[in-house]
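Worksheet for the structure shown next.
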Amino acid sequence: MQVNNDILQNNKGNGTEINQLVQRLQKEDNRNLMTFKRFQGIFVGFILVYSFIFIFNPWTDLGLSYRITGVCYVLGFFLFGMIFRKYYREYKAINYSLPVSEMLQKAAERYRLQYRKTWVVIFPLLFIDAGMTITFYQRFTAYAPWKIIGLVQLVYIPTLILGFLIGVLIWYKRQKPLRDAAIKLLDELNN
Amino acid sequence: MKKSQMLLKEQKFKQVIEQNRERIQRICRYYAPRDEDQKDIYQEVLINIWKSLESFRGDSAISTWIYRITVNTSLSFTGKELQRLRLNVSSDDVSLRNILDRESDEPVAQEREFRFGELESALNQLSVIDKLLISLMLEKLSSREIADIVGITEPNVRVKIHRIKETLRNQLNRLGHAGE
């Protein structure tokens with residue numbers, strides 16, 4: 001039988017390579033955890049800074065509308081942080097030790113264009129939209145409120161749509177083929 | 001994770017790899033013709049074993065658990081190219097002859113090489129799932145074990161294997177007639 005000598009030599013016997021691999025795996029685990037903590041830190045940082053400047057600020061006589069803006073931004077960041085945490089946990093929970101059929105089902109589900117799961121993103125987006133609208137309204141008092149609201153939406157909504165379309169394009173290129181392959185294999189398994 | 005837990009995990013990991021290295025390497029070889037890819041899949045399998053180690057509760061045999069991780073990782077590694085997956089078998093593989101249940105009329109070496117080429121070609125015309133089942137058959141696993149790994153019922157495994165054998169025989173007959 002044709003033997004992959006490279007693999008055998010790299011992993012044979014004395015365990016030195018395994019020790020190196022274990023160290024790399026531990027580093028990888030730590031790096032993943034650090035990435036998660038870093039992102040969480042960014043969200044917590046934003047929440048603290050915005051809470052301090054726009055909500056609890058004791059030095060400046062902030063109007064109620066400023067404080068409402070602060071609350072909107074903080075809620076937006078908080079919800080984004082929670083959603084990120086949920087997705088990170090789901091990503092970490094991918095289990096390769098499941099039976100092949102179950103693994104394929106989960107892959108097909110994971111790579112689905114998840115309208116139902118991602119709709120929750122609307123809530124933080126709405127809070128940030130509200131925060132931005134109030135901020136602009138306070139800065140440009142010379143303009144009619146409907147003009148300010150319209151202007152913010154004119155920039156914000158196309159930006160969101162563009163982001164959504166880029167997301168769909170990435171899904172179509174990267175994840176849809178994987179989902180199609182998983183579904184085809186499931187069909188083969190069940191027939 | 002505490003240092004003592006990490007140490008235990010490390011020991012368990014080393015033990016599992018030590019006991020199952022050849023098994024993992026064989027499966028990696030079936031799914032990747034190129035050495036580089038075999039190496040990459042092997043590394044990926046080790047990473048997934050490491051990640052899943054804490055979830056192993058002993059509900060199934062450790063070999064079944066290892067096969068699941070190796071097969072799932074190999075399929076995931078192939079990704080978009082899955083439908084073009086080639087089964088990398090060797091003419092020296094004694095289990096290969098058993099696929100067609102023809103142990104008694106073993107051909108002479110030169111003819112066997114020729115037949116191996118035909119068999120390899122017929123194997124690679126099978127569907128991905130059939131190739132997967134063949135790879136597990138080459139590991140001399142029972143229908144029960146294959147069912148546990150793939151996640152379908154044992155009778156279903158038997159039916160599928162019977163169909164694969166029929167398909168292979170038909171294809172080989174066709175190829176044989178075409179060669180005459």
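Chain lettering (A, B, ...) mirrors the order of the structure tokens, residue numbering begins at 1 for each chain separately, and ligand numbering begins at 1 in order of display.
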
Requested in this report: Return the neighbours of chain A among the residues of chain B, cut-off 9 Å, counting only C-alpha atoms, as an MDAnalysis selection string.
Outcome: chainID B and resid 6 10 13:14 17:18 21:22 25:26 29 35 38:39 42:43 46:52 55:56 64:73 76 79:83 89:93 127:130 147:152 156 160

Query - Long-range neighbours of Ile83 of chain A as an MDAnalysis selection string, 9 Å cut-off, only C-alpha atoms, 5 positions minimum in chain - result: chainID A and resid 78 88 120:121

Residues as selected, N, CA, C and O atoms, written as a compact mmCIF listing (two decimals), in the first residue's frame, can you do that?
```txt
# COMPACT_ATOMS: atom_id res chain seq x y z
N PHE A 78 -25.29 46.90 23.08
CA PHE A 78 -25.54 45.77 23.98
C PHE A 78 -26.15 44.59 23.19
O PHE A 78 -25.70 43.46 23.30
N TYR A 88 -20.99 33.24 18.28
CA TYR A 88 -19.69 32.67 18.65
C TYR A 88 -19.89 31.31 19.33
O TYR A 88 -19.19 30.35 19.05
N VAL A 120 -33.29 39.30 14.25
CA VAL A 120 -33.08 39.98 15.53
C VAL A 120 -32.11 41.16 15.42
O VAL A 120 -32.14 42.07 16.24
N VAL A 121 -31.26 41.13 14.36
CA VAL A 121 -30.30 42.22 14.14
C VAL A 121 -31.05 43.55 13.92
O VAL A 121 -30.51 44.63 14.17
```

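Atom pair atom CA of Phe77 of chain B / atom CA of His162 of chain B has a distance of 28.3 Å (rounded to one decimal).
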
Requested in this report: Just the helix (DSSP H, G or I) stuff from segment 30-174 of chain A, please, per backbone DSSP, written as JSON, numbers by chain.
Outcome: {"A": [30, 31, 32, 33, 34, 35, 36, 37, 38, 39, 40, 41, 42, 43, 44, 45, 46, 47, 48, 49, 50, 51, 52, 53, 54, 55, 56, 64, 65, 66, 67, 68, 69, 70, 71, 72, 73, 74, 75, 76, 77, 78, 79, 80, 81, 82, 83, 84, 85, 86, 87, 88, 89, 90, 91, 92, 100, 101, 102, 103, 104, 105, 106, 107, 108, 109, 110, 115, 116, 117, 118, 119, 120, 121, 122, 123, 124, 125, 126, 127, 128, 129, 130, 131, 132, 133, 134, 135, 136, 137, 138, 139, 145, 146, 147, 148, 149, 150, 151, 152, 153, 154, 155, 156, 157, 158, 159, 160, 161, 162, 163, 164, 165, 166, 167, 168, 169, 170, 171, 172, 173, 174]}

**Report entry** Shell around segment 39-47 of chain A at 8 Å using only C-alpha atoms, local window under 3 positions removed, as a PyMOL selection string
**Finding:** chain A and resi 35-36+50-51+73-74+77-78+80-81+85

**Report entry** Pick from B:Lys131, B:Lys140, B:Lys12, B:Ile146 nearest to Ile164 of chain B, counting only C-alpha atoms
**Finding:**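 Answer, going by the shortest atom-to-atom distance: B:Lys131.
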
Report task. Go ahead and compute the interatomic distance for atom CA of Thr69 of chain A and atom CA of Lys86 of chain A, in Å to one decimal. Result ->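 Atom CA of Lys86 of chain A lies at a distance of 25.9 Å from atom CA of Thr69 of chain A.
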
Requested in this report: Kindly give the distance, in Å, that separates atom CA of Leu132 of chain B and atom CA of Leu87 of chain B, rounded to a single decimal.
Outcome: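 Interatomic distance here is 8.4 Å.
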